[in-house]
file protein.cif (mmCIF, C-alpha atoms)
data_input
loop_
_atom_site.label_atom_id
_atom_site.label_comp_id
_atom_site.auth_asym_id
_atom_site.auth_seq_id
_atom_site.Cartn_x
_atom_site.Cartn_y
_atom_site.Cartn_z
CA MET A 265 -3.49 -43.36 -70.77
CA GLN A 266 -1.03 -40.55 -70.46
CA GLN A 267 -0.02 -39.61 -66.96
CA PRO A 268 0.26 -35.89 -66.10
CA PRO A 269 3.87 -34.76 -65.88
CA ARG A 270 5.35 -35.50 -62.41
CA LEU A 271 7.21 -32.19 -62.57
CA ILE A 272 4.03 -30.08 -62.48
CA GLN A 273 2.67 -32.10 -59.59
CA ASN A 274 5.89 -31.74 -57.60
CA VAL A 275 6.07 -28.03 -58.28
CA PHE A 276 2.48 -27.64 -57.12
CA VAL A 277 3.24 -29.45 -53.87
CA LEU A 278 6.31 -27.31 -53.31
CA LEU A 279 4.28 -24.19 -54.05
CA LEU A 280 1.68 -25.18 -51.46
CA LEU A 281 4.41 -25.78 -48.90
CA ALA A 282 5.96 -22.41 -49.71
CA VAL A 283 2.57 -20.66 -49.31
CA PHE A 284 2.10 -22.40 -45.95
CA ALA A 285 5.60 -21.37 -44.80
CA VAL A 286 5.13 -17.75 -45.86
CA LEU A 287 1.71 -17.43 -44.23
CA SER A 288 2.85 -18.98 -40.95
CA THR A 289 5.92 -16.71 -40.87
CA PHE A 290 3.70 -13.71 -41.54
CA LEU A 291 1.37 -14.74 -38.71
CA VAL A 292 4.24 -15.14 -36.26
CA LEU A 293 5.72 -11.75 -37.22
CA MET A 294 2.33 -10.05 -36.88
CA GLY A 295 1.83 -11.63 -33.47
CA ALA A 296 5.28 -10.51 -32.34
CA GLN A 297 4.60 -6.96 -33.54
CA VAL A 298 1.26 -6.81 -31.72
CA TYR A 299 2.85 -8.19 -28.54
CA ARG A 300 5.71 -5.68 -28.68
CA SER A 301 3.42 -2.68 -29.22
CA THR A 302 1.06 -3.85 -26.44
CA VAL A 303 3.94 -4.21 -23.98
CA GLU A 304 5.33 -0.81 -24.98
CA ARG A 305 1.98 0.95 -24.49
CA SER A 306 1.38 -0.82 -21.22
CA SER A 307 4.82 0.24 -19.98
CA LEU A 308 4.15 3.89 -20.92
CA ASN A 309 0.76 3.79 -19.18
CA ASN A 310 2.23 2.29 -16.02
CA ASP A 311 5.08 4.80 -15.90
CA SER A 312 2.81 7.84 -16.19
CA ARG A 313 0.29 6.53 -13.66
CA ILE A 314 2.90 5.41 -11.14
CA ILE A 315 4.74 8.72 -11.23
CA SER A 316 1.49 10.67 -10.95
CA ALA A 317 0.39 8.52 -7.98
CA ILE A 318 3.75 8.95 -6.20
CA VAL A 319 3.73 12.73 -6.49
CA ARG A 320 0.03 13.12 -5.61
CA SER A 321 0.24 10.89 -2.55
CA ALA A 322 3.42 12.65 -1.37
CA VAL A 323 1.76 16.07 -1.63
CA TRP A 324 -1.64 14.99 -0.21
CA ALA A 325 -0.04 13.14 2.70
CA GLU A 326 1.58 16.32 3.94
CA ASP A 327 -0.54 19.07 2.47
CA GLY A 328 -0.78 20.53 5.95
CA GLY A 329 2.91 21.35 5.79
CA ASP A 330 4.79 23.90 3.77
CA ILE A 331 5.19 23.01 0.14
CA GLN A 332 8.06 24.73 -1.56
CA VAL A 333 9.89 24.65 -4.87
CA GLN A 334 13.63 25.09 -4.56
CA THR A 335 16.61 24.71 -6.86
CA TYR A 336 19.87 23.13 -5.70
CA ASP A 337 22.82 22.96 -8.11
CA GLY A 338 20.43 23.48 -11.00
CA ILE A 339 18.15 20.64 -9.87
CA PRO A 340 14.51 21.67 -9.28
CA VAL A 341 13.30 20.12 -6.05
CA LEU A 342 9.81 19.83 -4.62
CA GLU A 343 10.06 20.19 -0.85
CA ILE A 344 7.33 19.31 1.58
CA VAL A 345 8.19 20.56 5.04
CA ASP A 346 6.36 19.16 8.02
CA TYR A 347 6.76 19.59 11.74
CA PHE A 348 6.67 16.99 14.48
CA ASP A 349 7.29 18.05 18.08
CA ASN A 350 8.72 21.37 16.88
CA ASP A 351 11.22 19.54 14.69
CA GLY A 352 11.08 20.17 11.00
CA TYR A 353 11.37 17.35 8.48
CA VAL A 354 11.70 17.77 4.77
CA HIS A 355 10.38 15.35 2.17
CA ARG A 356 12.07 16.11 -1.17
CA LEU A 357 11.23 14.91 -4.67
CA PHE A 358 13.67 15.58 -7.50
CA CYS A 359 15.00 14.17 -10.73
CA HIS A 360 18.63 13.15 -11.16
CA ASP A 361 20.37 10.80 -13.59
CA ASP A 362 17.08 9.99 -15.38
CA LEU A 363 15.54 8.80 -12.12
CA LEU A 364 12.94 10.20 -9.74
CA TRP A 365 14.44 10.42 -6.26
CA GLU A 366 12.91 11.09 -2.88
CA SER A 367 14.57 11.89 0.40
CA TYR A 368 13.21 12.42 3.88
CA THR A 369 15.57 14.25 6.19
CA SER A 370 15.66 16.64 9.07
CA ALA A 371 15.19 20.28 8.12
CA GLU A 372 18.58 21.09 9.61
CA ARG A 373 20.26 18.85 7.09
CA GLY A 374 20.66 20.46 3.71
CA PHE A 375 19.97 18.96 0.30
CA ASP A 376 22.10 15.92 -0.40
CA ILE A 377 21.52 13.73 -3.42
CA GLU A 378 23.23 10.78 -1.75
CA SER A 379 20.67 10.70 1.03
CA GLY A 380 17.84 9.97 -1.40
CA ASP A 381 16.32 6.77 -2.77
CA SER A 382 15.52 6.32 -6.43
CA LEU A 383 11.90 5.45 -7.18
CA CYS A 384 11.43 5.09 -10.92
CA GLU A 385 12.72 6.26 -14.27
CA LEU A 386 12.06 9.89 -15.12
CA SER A 387 14.10 12.26 -17.25
CA GLU A 388 12.49 15.57 -16.33
CA PHE A 389 10.77 16.82 -13.18
CA VAL A 390 10.06 20.56 -13.07
CA PRO A 391 7.72 21.78 -10.31
CA SER A 392 6.36 25.32 -10.17
CA LEU A 393 4.04 27.11 -7.77
CA ASP A 394 1.51 29.79 -8.67
CA GLY A 395 -0.47 30.75 -5.62
CA HIS A 396 -2.13 27.54 -4.47
CA MET A 397 -1.69 25.75 -7.78
CA LEU A 398 1.25 23.37 -7.94
CA THR A 399 2.16 22.39 -11.52
CA ILE A 400 4.73 19.71 -12.30
CA HIS A 401 6.06 19.08 -15.79
CA MET A 402 7.40 15.56 -16.18
CA LYS A 403 9.00 13.63 -18.99
CA THR A 404 9.70 9.89 -19.07
CA PRO A 405 12.85 8.49 -20.72
CA ASP A 406 10.58 7.31 -23.56
CA GLY A 407 9.78 10.95 -24.33
CA GLU A 408 6.21 11.02 -23.03
CA GLU A 409 5.40 14.34 -21.41
CA ASN A 410 2.88 14.73 -18.61
CA VAL A 411 1.66 17.68 -16.63
CA LEU A 412 0.42 17.24 -13.10
CA GLN A 413 -1.67 19.92 -11.43
CA LEU A 414 -2.52 19.98 -7.76
CA TYR A 415 -4.49 22.60 -5.86
CA LEU A 416 -3.00 22.90 -2.39
CA ARG A 417 -5.95 22.94 -0.07
CA ALA A 418 -4.59 23.22 3.45
CA GLY A 419 -0.88 23.73 2.97
CA GLY A 420 1.03 26.95 2.74
CA ALA A 421 2.11 27.55 -0.80
CA GLU A 422 5.50 29.18 -0.97
CA SER A 423 7.71 29.52 -3.99
CA MET B 206 0.11 -46.17 -59.99
CA LYS B 207 1.11 -46.50 -56.36
CA ASN B 208 3.38 -43.45 -56.68
CA ARG B 209 0.58 -41.47 -58.22
CA SER B 210 -1.85 -42.33 -55.43
CA ARG B 211 0.84 -41.47 -52.82
CA ALA B 212 1.38 -38.12 -54.48
CA ASN B 213 -2.37 -37.47 -54.50
CA ALA B 214 -2.62 -38.38 -50.83
CA LEU B 215 0.22 -35.98 -50.00
CA LEU B 216 -1.52 -33.24 -51.94
CA ILE B 217 -4.81 -33.78 -50.17
CA GLU B 218 -3.04 -33.87 -46.79
CA LEU B 219 -1.31 -30.58 -47.54
CA LEU B 220 -4.57 -28.98 -48.60
CA ILE B 221 -6.28 -30.11 -45.39
CA VAL B 222 -3.39 -28.76 -43.32
CA ILE B 223 -3.59 -25.42 -45.10
CA ILE B 224 -7.37 -25.25 -44.59
CA PHE B 225 -6.96 -25.85 -40.83
CA PHE B 226 -4.17 -23.29 -40.76
CA MET B 227 -6.46 -20.75 -42.41
CA PHE B 228 -9.19 -21.28 -39.80
CA VAL B 229 -6.65 -20.91 -36.99
CA SER B 230 -5.07 -17.83 -38.52
CA VAL B 231 -8.47 -16.12 -38.90
CA THR B 232 -9.07 -16.65 -35.18
CA LEU B 233 -5.59 -15.42 -34.32
CA VAL B 234 -5.93 -12.30 -36.45
CA GLU B 235 -9.19 -11.50 -34.62
CA VAL B 236 -7.41 -11.96 -31.27
CA PHE B 237 -4.49 -9.75 -32.36
CA SER B 238 -6.87 -7.08 -33.55
CA ALA B 239 -8.86 -7.16 -30.28
CA SER B 240 -5.63 -7.02 -28.27
CA ARG B 241 -4.41 -3.98 -30.18
CA THR B 242 -7.76 -2.20 -29.75
CA LYS B 243 -7.77 -2.91 -26.03
CA SER B 244 -4.20 -1.69 -25.68
CA ILE B 245 -5.02 1.59 -27.42
CA SER B 246 -8.17 1.96 -25.32
CA SER B 247 -6.19 1.48 -22.10
CA GLN B 248 -3.77 4.17 -23.24
CA TYR B 249 -6.68 6.57 -23.71
CA ILE B 250 -8.03 5.65 -20.27
CA SER B 251 -4.64 6.42 -18.67
CA ARG B 252 -4.45 9.78 -20.39
CA ALA B 253 -8.09 10.53 -19.55
CA ILE B 254 -7.48 9.80 -15.85
CA LEU B 255 -4.51 12.16 -15.69
CA ASP B 256 -6.36 14.81 -17.67
CA ALA B 257 -9.54 14.56 -15.60
CA GLN B 258 -7.56 14.78 -12.34
CA ASN B 259 -5.80 17.92 -13.57
CA VAL B 260 -9.08 19.49 -14.69
CA ALA B 261 -10.72 18.64 -11.35
CA GLU B 262 -7.84 20.25 -9.46
CA VAL B 263 -7.91 23.43 -11.54
CA LEU B 264 -11.69 23.73 -11.22
CA TYR B 265 -11.55 23.12 -7.47
CA GLY B 266 -9.37 26.17 -7.04
CA ALA B 267 -11.22 28.38 -9.50
CA GLU B 268 -13.49 31.09 -8.18
CA GLN B 269 -15.32 31.45 -11.49
CA THR B 270 -15.98 28.06 -13.05
CA GLU B 271 -16.84 29.34 -16.51
CA ASP B 272 -13.68 31.41 -16.82
CA ALA B 273 -11.55 28.47 -15.72
CA LEU B 274 -13.27 26.13 -18.18
CA GLN B 275 -12.75 28.56 -21.04
CA GLU B 276 -9.08 28.91 -20.14
CA LEU B 277 -8.72 25.13 -20.20
CA GLY B 278 -10.21 25.03 -23.68
CA PHE B 279 -13.69 23.75 -22.89
CA SER B 280 -16.66 24.91 -24.92
CA PRO B 281 -20.31 25.05 -23.80
CA ASP B 282 -22.51 22.19 -24.98
CA GLY B 283 -26.00 22.55 -23.58
CA GLU B 284 -25.78 22.23 -19.81
CA GLU B 285 -22.25 20.82 -19.98
CA TRP B 286 -18.86 21.98 -21.06
CA THR B 287 -16.91 19.68 -23.37
CA LEU B 288 -13.35 19.36 -24.57
CA ASN B 289 -12.30 17.03 -27.37
CA ARG B 290 -9.04 15.20 -26.85
CA ASP B 291 -7.29 12.59 -28.94
CA GLY B 292 -9.35 9.43 -28.37
CA TYR B 293 -11.75 10.72 -25.73
CA VAL B 294 -13.99 13.63 -24.77
CA LEU B 295 -13.94 15.38 -21.40
CA SER B 296 -17.15 16.97 -20.16
CA VAL B 297 -17.87 18.99 -17.03
CA SER B 298 -21.26 19.54 -15.44
CA GLU B 299 -21.90 21.81 -12.47
CA LEU B 300 -24.35 21.48 -9.62
CA ALA B 301 -24.61 24.30 -7.10
CA GLU B 302 -26.62 23.75 -3.91
CA GLU B 303 -27.46 26.89 -1.99
CA GLN B 304 -27.14 26.41 1.74
CA ALA B 305 -27.49 28.66 4.73
CA GLY B 306 -23.80 29.45 5.10
CA GLY B 307 -22.71 29.20 1.51
CA VAL B 308 -22.85 27.23 -1.71
CA LEU B 309 -21.90 23.59 -2.15
CA ARG B 310 -20.45 23.42 -5.63
CA THR B 311 -20.13 19.99 -7.23
CA LEU B 312 -18.33 19.74 -10.54
CA THR B 313 -18.41 16.35 -12.24
CA VAL B 314 -15.68 15.63 -14.76
CA THR B 315 -16.56 12.80 -17.13
CA ALA B 316 -14.35 11.18 -19.74
CA LYS B 317 -16.06 9.36 -22.60
CA GLU B 318 -14.72 7.29 -25.45
CA LYS B 319 -17.42 7.50 -28.10
CA ASP B 320 -20.48 6.50 -26.04
CA ARG B 321 -18.62 4.59 -23.35
CA VAL B 322 -18.01 6.35 -20.04
CA LEU B 323 -14.37 5.83 -19.07
CA LEU B 324 -14.43 7.59 -15.71
CA THR B 325 -16.34 10.08 -13.61
CA LEU B 326 -14.56 12.33 -11.14
CA PRO B 327 -16.39 14.70 -8.77
CA SER B 328 -14.81 17.88 -7.50
CA VAL B 329 -16.70 19.23 -4.49
CA ARG B 330 -16.04 22.53 -2.80
CA TYR B 331 -17.97 24.49 -0.24
CA LEU B 332 -17.87 28.23 -0.90
CA GLN B 333 -18.71 30.15 2.21
CA LYS B 334 -20.77 33.29 1.95
CA GLU B 335 -19.30 36.47 3.29
CA VAL B 336 -20.48 37.07 6.82
CA ALA B 337 -21.81 40.54 7.50
CA PRO B 338 -19.95 42.22 10.37
#
call {"tool": "encode", "arguments": {"input": "protein.cif", "output": "structure tokens"}}
result
Amino acid sequence: MQQPPRLIQNVFVLLLLAVFAVLSTFLVLMGAQVYRSTVERSSLNNDSRIISAIVRSAVWAEDGGDIQVQTYDGIPVLEIVDYFDNDGYVHRLFCHDDLLWESYTSAERGFDIESGDSLCELSEFVPSLDGHMLTIHMKTPDGEENVLQLYLRAGGAES
Amino acid sequence: MKNRSRANALLIELLIVIIFFMFVSVTLVEVFSASRTKSISSQYISRAILDAQNVAEVLYGAEQTEDALQELGFSPDGEEWTLNRDGYVLSVSELAEEQAGGVLRTLTVTAKEKDRVLLTLPSVRYLQKEVAP
């Protein structure tokens, strides 16, 4: 009885191994791609929601005060002025060096970047006031643009 | 003969391994696909939340709801106003309750992804009537 050539059998085994290797590599690469895109999307979502929450809570916490939009050295700043015992205190939100900064100082002290604390990454923060409507254009370092709109209920709206 | 049977055994073993691998990979592909869908859905939810909050704020401050909705890009759809966005639909419904001193206006902003409600945000404002001197 003739035996089938060993060569064909060996090639077939090698082919099966190669198919297994290719498929498993493909599966790992697909998994890595899915993981990377999920993490990226989740990071974008978190950034936009965190920044929105920070700005909203800052404005709502002191909506009874004066909310102003000022520019210092070309940096647009959202100022929330509040008064305690006839002393004025200014809460400022601004963007500098691709970061969102906040500072809380006495009204007598002028704007000073060094007195602020960085909160999160942000490349653009442009507030504007139109009557009682506060609009803030923001852009994350990833390029995602968001617009935040707040209607100032109790506070004085001054631009 | 022994060599031949060893080679056959190896072949069968490889085939069994590949069959198991195929079952596992089918499951994994389903998981990857579900994960991607969920990730995209959560992105839409985040955008819808921000959008709905902005719409609620604008409508709160608007004197004329219909004008404000038209400016925002909404179009009338029966008793609601709707706006199609990428991945979700925003709709606004209004309820006005006449009271002695004014009108209690409740605007409900709803975000839907196909038939699934993502979020509902009410915007309530009391509009006082002008008092006669």
call {"tool": "closest_atom_pairs", "arguments": {"input": "protein.cif", "of": "chain B", "to": "chain A", "cutoff": "6 Å", "atoms": "all atoms listed in the file", "output": "Markdown table"}}
result
| residue | atom | partner | partner_atom | distance |
| --- | --- | --- | --- | --- |
| B:Ser244 | CA | A:Thr302 | CA | 5.7 |
| B:Asn259 | CA | A:Gln413 | CA | 5.1 |
| B:Glu262 | CA | A:Tyr415 | CA | 5.5 |
call {"tool": "closest_residue", "arguments": {"input": "protein.cif", "among": "A:Ile344, A:Ala371, A:Ile377, A:Leu386", "to": "Cys359 (chain A)", "atoms": "all atoms listed in the file"}}
result
A:Leu386
call {"tool": "atom_distance", "arguments": {"input": "protein.cif", "atom1": "CA of Glu271 (chain B)", "atom2": "CA of Val323 (chain A)"}}
result
27.3 Å
call {"tool": "resolve_selection", "arguments": {"input": "protein.cif", "expression": "the PyMOL selection byres ((chain B and resi 305) around 12)", "output": "ChimeraX atom specification"}}
result
/B:302-304,306-309,331-336
call {"tool": "residues_around", "arguments": {"input": "protein.cif", "residues": "region 313-330 of chain B", "least_positions_apart": "6", "cutoff": "7 Å", "atoms": "only C-alpha atoms", "output": "PyMOL selection string"}}
result
chain B and resi 250+253+257+261+265+292-299
call {"tool": "write_last_selection", "arguments": {"input": "protein.cif", "atoms": "C-alpha atoms", "output": "mmCIF file, in the frame of the given file"}}
result
data_model
loop_
_atom_site.group_PDB
_atom_site.id
_atom_site.type_symbol
_atom_site.label_atom_id
_atom_site.label_comp_id
_atom_site.auth_asym_id
_atom_site.auth_seq_id
_atom_site.Cartn_x
_atom_site.Cartn_y
_atom_site.Cartn_z
ATOM 1 C CA ILE B 250 -8.030 5.650 -20.270
ATOM 2 C CA ALA B 253 -8.090 10.530 -19.550
ATOM 3 C CA ALA B 257 -9.540 14.560 -15.600
ATOM 4 C CA ALA B 261 -10.720 18.640 -11.350
ATOM 5 C CA TYR B 265 -11.550 23.120 -7.470
ATOM 6 C CA GLY B 292 -9.350 9.430 -28.370
ATOM 7 C CA TYR B 293 -11.750 10.720 -25.730
ATOM 8 C CA VAL B 294 -13.990 13.630 -24.770
ATOM 9 C CA LEU B 295 -13.940 15.380 -21.400
ATOM 10 C CA SER B 296 -17.150 16.970 -20.160
ATOM 11 C CA VAL B 297 -17.870 18.990 -17.030
ATOM 12 C CA SER B 298 -21.260 19.540 -15.440
ATOM 13 C CA GLU B 299 -21.900 21.810 -12.470
#
call {"tool": "atom_distance", "arguments": {"input": "protein.cif", "atom1": "CA of Gly338 (chain A)", "atom2": "CA of Asp381 (chain A)"}}
result
19.1 Å
